[in-house]
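Below is one structure, written out as structure tokens; comments come after it.
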Amino acid sequence: MRRRKAEIVVPGQTGKLAVVTGASDGLGFELASRLAAAGAEVVMPVRNRGKGEGAAERIRGRVIGAKVSVRDLDLASLESVRGFAEGALGEGRPIDILVNNAGVMTPPERVESVDGFELQFAVNHLGHFALMARLLPLLRAGRARVTTQTSFGANSYGVAWDDPQWTGRYRASRAYSSSKIAGALVAMEFDRRSRAYGWGIVSNVAHPGIAATNLLAGRAPARVIGFLSRFGVLAQTAEEGALPALYAVTSPEAGGGVLYGPSGLLHLTGVPGEQRAYRYIADPGAAARMWAESERLAGVRFFG
């Protein structure tokens, strides 16, 4: 007997412009596909252009009349972020939806970005932070909904404030968790500042539970998670893992400054719902500190 997969109804998105990072694979691909199916025009900024074009073709094969386009963006390079944002600002189209989805997970050895930052911190957090800052005029014009993808791992370890670049002893899982907490902290702070300054932007956070995606490729648990996802036991498919972010960025009932994730056992699987924010991402003082440090490191300021 086939199991009944988790699902949501996505409101019509016709006329909206959506930007989804990391849309060439995994959760990002599913998000882009679902948004296109709901009528949105979807921009897919990707590091690998060939892979991105292939993903766009797959979406067009799924969704008749899908409006999807591919742009170049390497979130590990602040110069690439600047270039992508300048292109978008040149086009001048308001952005209605932004999903900060792209990510790097636990490289076994410490790797630095071109700007000299630990790779997970650079991609999972700092590149997205710079992207939001540079796109702020378009996000304001679209009164955008912005959802930042975090991880179940953001409930562990905390931020490595004393060594955020892991120049000392590198611990892959802890560095990953720290980068995901950093991204979630500024997403929460983005919503607070939007309300304080009247930017009109709704910013929230989502996590996919345990989802079978290519981020797990080559890791020991990958086969087990893939197997369990077929039955919805402690793990779920990429299509299901995309639902919390999809809900957070499209549902009229989804608010700002909120964490969304699967509502099933241990918040690992199931239909999306609001969750109590993890303690590491719920501290406004830590969020303001991370915001200021991120502005310094990325060389950006939020002017709208």
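Ordering of the structure tokens sets the chain letters (A, B, ...), residue numbers begin anew at 1 in every chain, and ligands are numbered from 1 in the order given.
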
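Counting only C-alpha atoms, Ala102 (chain A) has the following residues at most 7 Å away, ignoring those fewer than 2 positions along the same chain: Thr21, Gly22, Asn100 and Asn124 of chain A.
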
Once you have the residues from the selection above, write them out as an mmCIF file, in the first residue's frame, restricted to C-alpha atoms.
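Final output, saved to selection.cif:
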data_model
loop_
_atom_site.group_PDB
_atom_site.id
_atom_site.type_symbol
_atom_site.label_atom_id
_atom_site.label_comp_id
_atom_site.auth_asym_id
_atom_site.auth_seq_id
_atom_site.Cartn_x
_atom_site.Cartn_y
_atom_site.Cartn_z
ATOM 1 C CA THR A 21 18.873 30.167 -5.001
ATOM 2 C CA GLY A 22 20.209 26.660 -5.417
ATOM 3 C CA ASN A 100 17.556 31.717 0.323
ATOM 4 C CA ASN A 124 24.931 29.271 3.713
#

Self-check item: Distance query Pro107 (chain A) at most 9 Å, only C-alpha atoms, self and fewer than 5 positions along chain excluded, as a ChimeraX atom specification
Solution: /A:119-120,172-173,176

Residues as selected, N, CA and C atoms, written as an mmCIF file, in the first residue's frame, can you do that?
data_model
loop_
_atom_site.group_PDB
_atom_site.id
_atom_site.type_symbol
_atom_site.label_atom_id
_atom_site.label_comp_id
_atom_site.auth_asym_id
_atom_site.auth_seq_id
_atom_site.Cartn_x
_atom_site.Cartn_y
_atom_site.Cartn_z
ATOM 1 N N LEU A 119 33.882 27.977 3.876
ATOM 2 C CA LEU A 119 32.941 27.830 2.767
ATOM 3 C C LEU A 119 31.482 27.747 3.212
ATOM 4 N N GLN A 120 31.185 26.999 4.271
ATOM 5 C CA GLN A 120 29.794 26.878 4.710
ATOM 6 C C GLN A 120 29.255 28.221 5.204
ATOM 7 N N ALA A 172 33.373 19.825 10.966
ATOM 8 C CA ALA A 172 32.458 20.026 9.845
ATOM 9 C C ALA A 172 31.011 20.215 10.287
ATOM 10 N N SER A 173 30.510 19.342 11.142
ATOM 11 C CA SER A 173 29.112 19.419 11.560
ATOM 12 C C SER A 173 28.839 20.675 12.367
ATOM 13 N N TYR A 176 28.809 23.648 10.055
ATOM 14 C CA TYR A 176 27.542 23.665 9.310
ATOM 15 C C TYR A 176 26.426 24.233 10.175
#

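Proximity to Ala248 (chain A) was assessed for A:Ile59, A:Val99, A:Val300, A:Met105 counting only C-alpha atoms; the smallest distance is recorded for A:Val99.
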
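For the pair CA of Ala298 (chain A) and CA of Gly52 (chain A), the separation is 25.7 Å.
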
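Of the listed residues A:Lys5, A:Val186, A:Glu41, A:Ser69, the one whose atoms come nearest to Ala18 (chain A) is A:Glu41, with distances taken using only C-alpha atoms.
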
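The nearest approach to Ala238 (chain A) among the residues A:Gly92, A:Pro262, A:Pro208, A:Gly270, with only C-alpha atoms taken into account, belongs to A:Pro208.
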
Quiz item: Leaving out region 145-157 of chain A and any residue of its chain fewer than 2 positions from it, which residues lie within 6 Å of it when counting only C-alpha atoms, given as a ChimeraX atom specification?
Solution: /A:97-101,177,180-181,201-207,209,249,278
